[in-house]
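Colleague: I'm passing along my_file.txt; it holds compact mmCIF, C-alpha atoms.
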```
# COMPACT_ATOMS: atom_id res chain seq x y z
CA MET A 3 105.56 -84.43 -73.43
CA ASN A 4 107.87 -83.47 -70.62
CA ILE A 5 111.52 -84.31 -70.18
CA GLU A 6 110.79 -87.33 -67.94
CA GLN A 7 108.75 -89.06 -70.62
CA ILE A 8 111.28 -88.25 -73.34
CA VAL A 9 114.15 -89.77 -71.36
CA PHE A 10 112.05 -92.79 -70.39
CA TYR A 11 111.05 -93.59 -73.96
CA PHE A 12 114.59 -92.99 -75.19
CA LEU A 13 115.95 -95.41 -72.58
CA SER A 14 113.34 -98.05 -73.39
CA ALA A 15 114.14 -97.71 -77.07
CA VAL A 16 117.83 -98.20 -76.27
CA VAL A 17 116.99 -101.28 -74.19
CA LEU A 18 114.88 -102.90 -76.88
CA VAL A 19 117.08 -102.03 -79.86
CA SER A 20 120.28 -103.14 -78.16
CA ALA A 21 118.60 -106.34 -76.94
CA LEU A 22 117.47 -107.07 -80.50
CA LEU A 23 120.97 -106.40 -81.77
CA VAL A 24 122.43 -108.70 -79.10
CA VAL A 25 120.38 -111.62 -80.35
CA ALA A 26 120.88 -110.72 -84.03
CA MET A 27 124.65 -110.22 -83.85
CA LYS A 28 126.84 -112.99 -85.21
CA ASN A 29 129.93 -112.00 -83.28
CA LEU A 30 129.81 -113.11 -79.65
CA VAL A 31 132.16 -110.43 -78.32
CA ARG A 32 130.06 -107.67 -79.87
CA SER A 33 126.95 -109.28 -78.39
CA ILE A 34 128.48 -109.22 -74.92
CA PHE A 35 129.46 -105.56 -75.22
CA LEU A 36 125.98 -104.64 -76.46
CA PHE A 37 124.58 -106.62 -73.55
CA PHE A 38 126.43 -104.08 -71.38
CA LEU A 39 124.44 -101.28 -73.04
CA THR A 40 121.15 -103.09 -72.44
CA LEU A 41 121.88 -103.63 -68.76
CA PHE A 42 123.00 -100.05 -68.27
CA SER A 43 119.85 -98.59 -69.78
CA MET A 44 117.78 -101.07 -67.76
CA ALA A 45 119.31 -99.43 -64.69
CA GLY A 46 118.07 -96.10 -66.08
CA LEU A 47 114.55 -97.53 -66.36
CA PHE A 48 114.75 -98.65 -62.73
CA VAL A 49 115.44 -95.04 -61.76
CA PHE A 50 112.22 -94.02 -63.50
CA ALA A 51 110.36 -96.61 -61.40
CA LEU A 52 111.74 -94.74 -58.37
CA ALA A 53 114.02 -97.61 -57.36
CA ASP A 54 117.38 -95.89 -57.23
CA PHE A 55 119.00 -98.47 -54.97
CA VAL A 56 117.99 -101.32 -57.28
CA ALA A 57 119.40 -99.32 -60.18
CA ILE A 58 122.76 -98.89 -58.42
CA THR A 59 122.77 -102.60 -57.55
CA GLN A 60 122.05 -103.43 -61.17
CA VAL A 61 125.05 -101.38 -62.29
CA VAL A 62 127.36 -102.81 -59.62
CA VAL A 63 126.30 -106.46 -59.84
CA TYR A 64 125.42 -106.87 -63.51
CA VAL A 65 127.68 -104.41 -65.28
CA GLY A 66 130.54 -104.67 -62.81
CA GLY A 67 130.20 -108.33 -61.91
CA VAL A 68 128.38 -110.50 -64.40
CA LEU A 69 129.70 -108.85 -67.53
CA VAL A 70 133.30 -108.68 -66.36
CA LEU A 71 132.99 -112.32 -65.29
CA MET A 72 131.72 -113.27 -68.76
CA ILE A 73 134.48 -111.42 -70.57
CA PHE A 74 137.23 -112.65 -68.26
CA ALA A 75 136.05 -116.25 -68.40
CA PHE A 76 136.54 -116.29 -72.14
CA LEU A 77 139.62 -114.15 -72.33
CA LEU A 78 141.41 -116.29 -69.78
CA SER A 79 140.35 -119.60 -71.28
CA ASN A 80 140.36 -120.96 -74.79
CA ARG A 81 139.77 -118.43 -77.51
CA ASP A 82 137.97 -120.96 -79.69
CA ILE A 83 135.00 -120.75 -77.36
CA LEU A 84 134.31 -117.29 -78.73
CA ASN A 85 133.88 -118.60 -82.24
CA ASN A 86 130.17 -118.67 -82.80
CA PRO A 87 129.05 -122.07 -84.08
CA ASP A 88 126.23 -120.27 -85.90
CA ALA A 89 128.65 -118.31 -88.04
CA VAL A 90 130.38 -121.41 -89.35
CA LYS A 91 127.32 -123.42 -90.28
CA ILE A 92 125.26 -120.80 -92.01
CA ASN A 93 127.06 -118.56 -94.40
CA GLY A 94 125.68 -115.07 -94.51
CA LYS A 95 122.01 -115.86 -94.23
CA PHE A 96 120.18 -113.93 -91.54
CA LEU A 97 117.36 -116.38 -90.91
CA THR A 98 117.56 -120.11 -91.22
CA ALA A 99 115.17 -122.90 -90.44
CA HIS A 100 116.36 -123.52 -86.90
CA HIS A 101 115.60 -119.92 -85.94
CA LEU A 102 112.00 -120.19 -87.03
CA PRO A 103 110.43 -122.11 -84.10
CA GLY A 104 111.98 -119.77 -81.56
CA LEU A 105 110.83 -116.75 -83.53
CA VAL A 106 107.28 -118.06 -83.83
CA VAL A 107 107.03 -119.06 -80.16
CA SER A 108 108.39 -115.77 -78.85
CA PHE A 109 106.18 -113.74 -81.19
CA LEU A 110 103.12 -115.73 -80.16
CA PHE A 111 104.03 -115.23 -76.52
CA PHE A 112 104.36 -111.51 -77.12
CA THR A 113 100.92 -111.34 -78.74
CA ALA A 114 99.48 -113.32 -75.84
CA LEU A 115 100.99 -110.84 -73.38
CA MET A 116 99.70 -107.89 -75.39
CA PHE A 117 96.24 -109.47 -75.43
CA ALA A 118 96.40 -109.94 -71.66
CA PHE A 119 97.41 -106.30 -71.19
CA SER A 120 94.58 -105.10 -73.37
CA GLN A 121 92.08 -107.09 -71.31
CA PHE A 122 92.64 -105.25 -68.05
CA GLN A 123 93.66 -101.74 -67.17
CA VAL A 124 96.72 -102.18 -65.00
CA ASP A 125 96.63 -98.61 -63.71
CA GLU A 126 93.12 -99.14 -62.38
CA LEU A 127 93.76 -102.34 -60.45
CA GLU A 128 92.06 -102.39 -57.08
CA TRP A 129 95.12 -102.40 -54.85
CA ILE A 130 96.90 -99.81 -56.98
CA ALA A 131 93.92 -97.45 -56.88
CA ALA A 132 93.74 -97.97 -53.12
CA SER A 133 97.45 -97.29 -52.54
CA GLU A 134 97.16 -93.52 -52.41
CA GLY A 135 99.08 -93.02 -49.16
CA ASN A 136 101.37 -95.94 -49.92
CA THR A 137 102.83 -94.66 -53.19
CA LEU A 138 106.45 -93.64 -53.52
CA SER A 139 107.15 -90.07 -54.47
CA PRO A 140 110.45 -88.97 -56.04
CA SER A 141 111.57 -87.24 -52.84
CA ASP A 142 111.27 -90.38 -50.68
CA ASN A 143 114.33 -92.02 -49.19
CA THR A 144 114.00 -95.54 -50.55
CA ILE A 145 117.30 -96.74 -49.11
CA GLU A 146 116.09 -96.19 -45.56
CA LEU A 147 112.84 -98.02 -46.26
CA LEU A 148 114.68 -100.89 -47.95
CA GLY A 149 117.18 -101.24 -45.12
CA ILE A 150 114.47 -101.33 -42.44
CA ASN A 151 112.44 -103.82 -44.45
CA ILE A 152 115.36 -106.15 -45.18
CA MET A 153 116.35 -106.24 -41.52
CA THR A 154 112.83 -106.82 -40.22
CA ARG A 155 110.20 -108.15 -42.59
CA TYR A 156 112.48 -109.92 -45.04
CA LEU A 157 115.18 -111.12 -42.66
CA LEU A 158 114.68 -114.84 -43.32
CA PRO A 159 114.88 -114.56 -47.14
CA PHE A 160 117.90 -112.31 -46.72
CA GLU A 161 119.77 -114.87 -44.63
CA THR A 162 118.71 -117.71 -46.93
CA ILE A 163 119.98 -115.89 -49.97
CA SER A 164 123.31 -115.16 -48.30
CA VAL A 165 123.78 -118.87 -47.59
CA LEU A 166 122.80 -119.64 -51.19
CA LEU A 167 125.28 -117.09 -52.48
CA MET A 168 128.07 -118.74 -50.51
CA LEU A 169 127.03 -122.16 -51.83
CA ALA A 170 127.15 -120.83 -55.39
CA LEU A 171 130.57 -119.29 -54.74
CA ILE A 172 132.01 -122.57 -53.45
CA GLY A 173 130.31 -124.53 -56.21
CA ALA A 174 131.62 -122.30 -58.97
CA ALA A 175 135.14 -122.38 -57.54
CA HIS A 176 134.95 -126.17 -57.31
CA LEU A 177 133.66 -126.54 -60.87
CA ALA A 178 136.28 -124.22 -62.30
CA ARG A 179 139.22 -126.03 -60.67
CA LYS A 180 142.04 -126.84 -63.02
CA GLU A 181 143.08 -130.39 -62.21
CA ARG A 182 140.12 -132.71 -61.89
CA LYS A 183 138.94 -135.92 -63.39
CA ILE A 184 135.46 -135.67 -64.81
CA MET B 2 104.73 -90.30 -63.63
CA ILE B 3 105.20 -92.95 -66.26
CA PRO B 4 102.12 -95.22 -66.36
CA LEU B 5 102.61 -98.81 -65.25
CA SER B 6 101.43 -100.21 -68.56
CA HIS B 7 104.44 -98.72 -70.36
CA PHE B 8 106.83 -100.46 -68.00
CA MET B 9 104.96 -103.69 -68.61
CA LEU B 10 105.17 -103.18 -72.37
CA VAL B 11 108.95 -102.75 -72.30
CA SER B 12 109.37 -105.72 -70.00
CA ALA B 13 107.13 -107.93 -72.14
CA ALA B 14 109.13 -107.09 -75.26
CA LEU B 15 112.43 -107.71 -73.48
CA PHE B 16 111.12 -111.02 -72.12
CA CYS B 17 110.19 -112.19 -75.62
CA ILE B 18 113.61 -111.23 -76.98
CA GLY B 19 115.15 -113.30 -74.19
CA LEU B 20 112.81 -116.19 -74.96
CA TYR B 21 113.88 -116.10 -78.60
CA ALA B 22 117.56 -116.18 -77.61
CA VAL B 23 117.00 -119.12 -75.27
CA LEU B 24 115.00 -121.11 -77.82
CA SER B 25 117.01 -120.63 -80.97
CA LYS B 26 120.63 -119.80 -80.18
CA ARG B 27 123.24 -122.47 -80.78
CA ASN B 28 125.70 -121.06 -78.28
CA ALA B 29 125.40 -121.67 -74.56
CA ILE B 30 126.63 -118.17 -73.74
CA MET B 31 123.90 -116.61 -75.86
CA VAL B 32 121.37 -118.83 -74.08
CA LEU B 33 122.75 -117.50 -70.79
CA ILE B 34 122.38 -113.92 -72.03
CA GLY B 35 118.78 -114.70 -73.03
CA ILE B 36 118.08 -115.95 -69.50
CA GLU B 37 119.53 -112.72 -68.15
CA PHE B 38 117.19 -110.74 -70.41
CA MET B 39 114.20 -112.65 -69.10
CA LEU B 40 115.30 -112.11 -65.50
CA ASN B 41 115.79 -108.40 -66.13
CA ALA B 42 112.33 -108.12 -67.65
CA ALA B 43 110.84 -109.72 -64.55
CA ILE B 44 112.87 -107.43 -62.29
CA LEU B 45 111.59 -104.38 -64.18
CA ASN B 46 108.02 -105.46 -63.51
CA PHE B 47 108.72 -106.03 -59.82
CA VAL B 48 110.32 -102.62 -59.49
CA ALA B 49 107.55 -100.85 -61.42
CA PHE B 50 104.81 -102.32 -59.24
CA SER B 51 106.81 -101.64 -56.10
CA ARG B 52 106.13 -97.92 -56.57
CA HIS B 53 102.65 -98.54 -55.14
CA ASP B 54 103.97 -100.43 -52.13
CA LYS B 55 106.06 -97.86 -50.33
CA PHE B 56 106.22 -99.13 -46.77
CA ALA B 57 106.70 -102.84 -47.40
CA ALA B 58 108.86 -102.27 -50.52
CA SER B 59 108.22 -105.90 -51.45
CA GLY B 60 108.93 -105.48 -55.14
CA GLN B 61 112.25 -103.72 -54.66
CA VAL B 62 113.45 -106.24 -52.06
CA PHE B 63 112.48 -109.12 -54.30
CA ALA B 64 114.22 -107.43 -57.21
CA LEU B 65 117.41 -107.22 -55.15
CA PHE B 66 117.15 -110.92 -54.31
CA ALA B 67 116.58 -111.75 -57.97
CA ILE B 68 119.68 -109.77 -58.99
CA VAL B 69 121.77 -111.65 -56.43
CA LEU B 70 120.38 -114.98 -57.62
CA ALA B 71 121.10 -114.09 -61.25
CA ALA B 72 124.69 -113.23 -60.40
CA ALA B 73 125.17 -116.54 -58.59
CA ALA B 74 123.56 -118.38 -61.50
CA VAL B 75 125.91 -116.74 -64.00
CA ALA B 76 128.98 -117.70 -61.97
CA VAL B 77 127.94 -121.35 -61.78
CA ALA B 78 126.73 -121.46 -65.39
CA LEU B 79 130.02 -120.07 -66.71
CA ALA B 80 131.99 -122.63 -64.73
CA ILE B 81 129.77 -125.39 -66.16
CA ILE B 82 130.10 -124.02 -69.71
CA LEU B 83 133.90 -123.95 -69.44
CA ASN B 84 133.93 -127.55 -68.19
CA VAL B 85 131.56 -128.66 -70.94
CA TYR B 86 133.81 -127.00 -73.49
CA LYS B 87 136.86 -128.75 -72.06
CA TYR B 88 135.12 -132.12 -72.36
CA TYR B 89 133.08 -131.87 -75.57
CA LYS B 90 135.09 -129.19 -77.42
CA THR B 91 131.83 -127.42 -78.25
CA ILE B 92 129.25 -125.32 -76.42
CA ASP B 93 126.40 -125.97 -78.82
CA PRO B 94 123.56 -127.15 -76.56
CA THR B 95 122.07 -129.27 -79.33
CA GLU B 96 125.21 -131.38 -79.65
CA ILE B 97 125.68 -132.09 -75.97
CA ASP B 98 123.40 -135.08 -75.70
CA GLN B 99 125.27 -137.52 -73.49
CA LEU B 100 125.04 -137.90 -69.74
CA GLY B 101 127.56 -139.66 -67.55
CA ASP B 102 130.99 -140.62 -68.88
```
Let's see the structure in the file written out as structure tokens.

Modeller:
Amino acid sequence: MNIEQIVFYFLSAVVLVSALLVVAMKNLVRSIFLFFLTLFSMAGLFVFALADFVAITQVVVYVGGVLVLMIFAFLLSNRDILNNPDAVKINGKFLTAHHLPGLVVSFLFFTALMFAFSQFQVDELEWIAASEGNTLSPSDNTIELLGINIMTRYLLPFETISVLLMLALIGAAHLARKERKI
Amino acid sequence: MIPLSHFMLVSAALFCIGLYAVLSKRNAIMVLIGIEFMLNAAILNFVAFSRHDKFAASGQVFALFAIVLAAAAVAVALAIILNVYKYYKTIDPTEIDQLGD
């Protein structure tokens, strides 16, 4: 086992354990801060998939944007919103009846996915086996490739998404206005 | 090189955790966090497969688009949640069962 594998499995363990803790935690603020840990180690996993630019974007957009937005939205508004309705209704019990369907469905879905993975060898797919000269190596400059691709092959989706981003910005600002009659 | 199947394993587990949060949480913010988990799991798969598509980089570009979309979705969803809280005084999705006035 070399150092790459050790770091990869450590990061995936951090991702899964912190994600489990996020959904198990009763306190919403603690959940949000653990969510930070999950997203940060996800960025580490992206580095191991040789996508350094996506990893940086993940840190900037998710950790710097989404998380700060979440925390600010609740710090600047009513503090009661942070009180978890779960914590009031159930006293101290970890699992109650309304958790059960979600647990069963997600576990069944996980088994279905595992079954699907066991049915085919993903590393021996046809197009992956044929991609010998098309595979990224750790010394490649992915940012150059991404920039060229975004400005040529994916120009239309890029422009569409920028328009959509502006629409979302205006929509969110409109929804969050102070004085309005619903 | 980490094999692709290990990336898929991590992403499948993360997706199911997100699914659980979406299905069973009684707090709209936790539902939002569950959606983010599911999106991140999908992005991890895109990025992992993109290693075998160097010159088109389709997976990485799509992952970037998905991150941008998720950020926009969070901004709008938080604005909606704050408005819902102002109106209903709760953010429990099971209790918000009226449309219109």

Colleague: So how far away is CA of Ala170 in chain A from CA of Phe50 in chain B, in Å?

Modeller: 29.3 Å

Colleague: By how many Å are CA of Ile145 in chain A and CA of Phe55 in chain A apart?

Modeller: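 Computed distance, CA of Ile145 in chain A to CA of Phe55 in chain A, equals 6.3 Å.
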
Colleague: List as CSV every residue of chain A that is in contact with chain B, defined as an atom at most 6 Å from one of its atoms (using all atoms listed in the file), together with the nearest atom pair and the distance in Å rounded to one decimal, sorted by chain and then rising number.

Modeller:
```
residue,atom,partner,partner_atom,distance
A:Ala51,CA,B:Ala49,CA,5.1
A:His101,CA,B:Ser25,CA,5.2
A:Gly104,CA,B:Leu24,CA,5.0
A:Leu105,CA,B:Tyr21,CA,5.8
A:Ser108,CA,B:Cys17,CA,5.1
A:Ser133,CA,B:His53,CA,5.9
A:Asn136,CA,B:Lys55,CA,5.1
A:Thr137,CA,B:His53,CA,4.3
A:Leu138,CA,B:Arg52,CA,5.3
A:Ala170,CA,B:Ala73,CA,5.7
A:Ala174,CA,B:Val77,CA,4.7
A:Leu177,CA,B:Ala80,CA,5.7
A:Ala178,CA,B:Ala80,CA,5.2
```

Colleague: Please write out, as AutoDock Vina command-line options, where the centre of an axis-aligned box around all listed atoms of range 26-32 of chain B lies and how long its edges are, in Å to one decimal, after adding 8 Å on each side.

Modeller:
```
--center_x 123.6 --center_y -119.5 --center_z -77.3 --size_x 22.0 --size_y 21.9 --size_z 23.0
```

Colleague: Hey, can you check how far CA of Ile97 in chain B sits from CA of Gly67 in chain A?

Modeller: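 Spanning CA of Ile97 in chain B to CA of Gly67 in chain A is a straight-line distance of 28.0 Å.
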
Colleague: Find the residues near Phe35 in chain A: any atom within 12 Å, counting all atoms listed in the file, skip ones fewer than 5 places away on the same chain, and give them as a VMD selection string.

Modeller: (chain A and resid 20 to 21 23 to 24 27 29 to 30 40 to 42 65 68 to 70 72 to 73) or (chain B and resid 34)

Colleague: So that I can check the surroundings of Gly66 in chain A, please list as number ranges by chain every protein, DNA and RNA residue that reaches within 10 Å of it, counting only C-alpha atoms and ignoring chain neighbours fewer than 6 positions away.

Modeller: A: 38, 59-60

Colleague: Under the rule that only C-alpha atoms are counted, which of A:Gln7, A:Ile172, A:Val165, A:Thr144 is the nearest residue to Leu52 in chain A?

Modeller: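 Closest residue, counting only C-alpha atoms: A:Thr144.
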
Colleague: Since fewer atoms than expected are present, regenerate N, CA and C atoms for range 143-163 of chain A and write them as a PDB file, keeping the file's coordinate frame.

Modeller:
```pdb
ATOM      1  N   ASN A 143     113.041 -91.365 -49.381  1.00  0.00           N
ATOM      2  CA  ASN A 143     114.330 -92.020 -49.190  1.00  0.00           C
ATOM      3  C   ASN A 143     114.123 -93.530 -49.233  1.00  0.00           C
ATOM      4  N   THR A 144     114.309 -94.109 -50.421  1.00  0.00           N
ATOM      5  CA  THR A 144     114.000 -95.540 -50.550  1.00  0.00           C
ATOM      6  C   THR A 144     115.028 -96.402 -49.846  1.00  0.00           C
ATOM      7  N   ILE A 145     116.262 -95.903 -49.709  1.00  0.00           N
ATOM      8  CA  ILE A 145     117.300 -96.740 -49.110  1.00  0.00           C
ATOM      9  C   ILE A 145     116.982 -97.011 -47.643  1.00  0.00           C
ATOM     10  N   GLU A 146     116.461 -95.996 -46.959  1.00  0.00           N
ATOM     11  CA  GLU A 146     116.090 -96.190 -45.560  1.00  0.00           C
ATOM     12  C   GLU A 146     114.970 -97.218 -45.433  1.00  0.00           C
ATOM     13  N   LEU A 147     113.960 -97.073 -46.306  1.00  0.00           N
ATOM     14  CA  LEU A 147     112.840 -98.020 -46.260  1.00  0.00           C
ATOM     15  C   LEU A 147     113.310 -99.439 -46.558  1.00  0.00           C
ATOM     16  N   LEU A 148     114.184 -99.559 -47.570  1.00  0.00           N
ATOM     17  CA  LEU A 148     114.680-100.890 -47.950  1.00  0.00           C
ATOM     18  C   LEU A 148     115.478-101.506 -46.820  1.00  0.00           C
ATOM     19  N   GLY A 149     116.337-100.699 -46.186  1.00  0.00           N
ATOM     20  CA  GLY A 149     117.180-101.240 -45.120  1.00  0.00           C
ATOM     21  C   GLY A 149     116.334-101.724 -43.952  1.00  0.00           C
ATOM     22  N   ILE A 150     115.336-100.916 -43.558  1.00  0.00           N
ATOM     23  CA  ILE A 150     114.470-101.330 -42.440  1.00  0.00           C
ATOM     24  C   ILE A 150     113.719-102.599 -42.810  1.00  0.00           C
ATOM     25  N   ASN A 151     113.226-102.644 -44.057  1.00  0.00           N
ATOM     26  CA  ASN A 151     112.440-103.820 -44.450  1.00  0.00           C
ATOM     27  C   ASN A 151     113.302-105.072 -44.521  1.00  0.00           C
ATOM     28  N   ILE A 152     114.514-104.954 -45.058  1.00  0.00           N
ATOM     29  CA  ILE A 152     115.360-106.150 -45.180  1.00  0.00           C
ATOM     30  C   ILE A 152     115.721-106.682 -43.795  1.00  0.00           C
ATOM     31  N   MET A 153     115.931-105.787 -42.838  1.00  0.00           N
ATOM     32  CA  MET A 153     116.350-106.240 -41.520  1.00  0.00           C
ATOM     33  C   MET A 153     115.183-106.659 -40.628  1.00  0.00           C
ATOM     34  N   THR A 154     113.946-106.383 -41.065  1.00  0.00           N
ATOM     35  CA  THR A 154     112.830-106.820 -40.220  1.00  0.00           C
ATOM     36  C   THR A 154     111.935-107.808 -40.953  1.00  0.00           C
ATOM     37  N   ARG A 155     111.203-107.324 -41.948  1.00  0.00           N
ATOM     38  CA  ARG A 155     110.200-108.150 -42.590  1.00  0.00           C
ATOM     39  C   ARG A 155     110.800-109.255 -43.452  1.00  0.00           C
ATOM     40  N   TYR A 156     111.907-108.949 -44.103  1.00  0.00           N
ATOM     41  CA  TYR A 156     112.480-109.920 -45.040  1.00  0.00           C
ATOM     42  C   TYR A 156     113.787-110.489 -44.529  1.00  0.00           C
ATOM     43  N   LEU A 157     113.903-110.661 -43.212  1.00  0.00           N
ATOM     44  CA  LEU A 157     115.180-111.120 -42.660  1.00  0.00           C
ATOM     45  C   LEU A 157     115.469-112.561 -43.048  1.00  0.00           C
ATOM     46  N   LEU A 158     114.450-113.420 -43.008  1.00  0.00           N
ATOM     47  CA  LEU A 158     114.680-114.840 -43.320  1.00  0.00           C
ATOM     48  C   LEU A 158     115.093-115.040 -44.781  1.00  0.00           C
ATOM     49  N   PRO A 159     114.393-114.430 -45.765  1.00  0.00           N
ATOM     50  CA  PRO A 159     114.880-114.560 -47.140  1.00  0.00           C
ATOM     51  C   PRO A 159     116.276-113.993 -47.328  1.00  0.00           C
ATOM     52  N   PHE A 160     116.578-112.927 -46.597  1.00  0.00           N
ATOM     53  CA  PHE A 160     117.900-112.310 -46.720  1.00  0.00           C
ATOM     54  C   PHE A 160     118.995-113.268 -46.274  1.00  0.00           C
ATOM     55  N   GLU A 161     118.765-113.919 -45.120  1.00  0.00           N
ATOM     56  CA  GLU A 161     119.770-114.870 -44.630  1.00  0.00           C
ATOM     57  C   GLU A 161     119.865-116.081 -45.552  1.00  0.00           C
ATOM     58  N   THR A 162     118.703-116.545 -46.034  1.00  0.00           N
ATOM     59  CA  THR A 162     118.710-117.710 -46.930  1.00  0.00           C
ATOM     60  C   THR A 162     119.513-117.412 -48.186  1.00  0.00           C
ATOM     61  N   ILE A 163     119.310-116.203 -48.709  1.00  0.00           N
ATOM     62  CA  ILE A 163     119.980-115.890 -49.970  1.00  0.00           C
ATOM     63  C   ILE A 163     121.472-115.711 -49.745  1.00  0.00           C
TER      64      ILE A 163
END
```
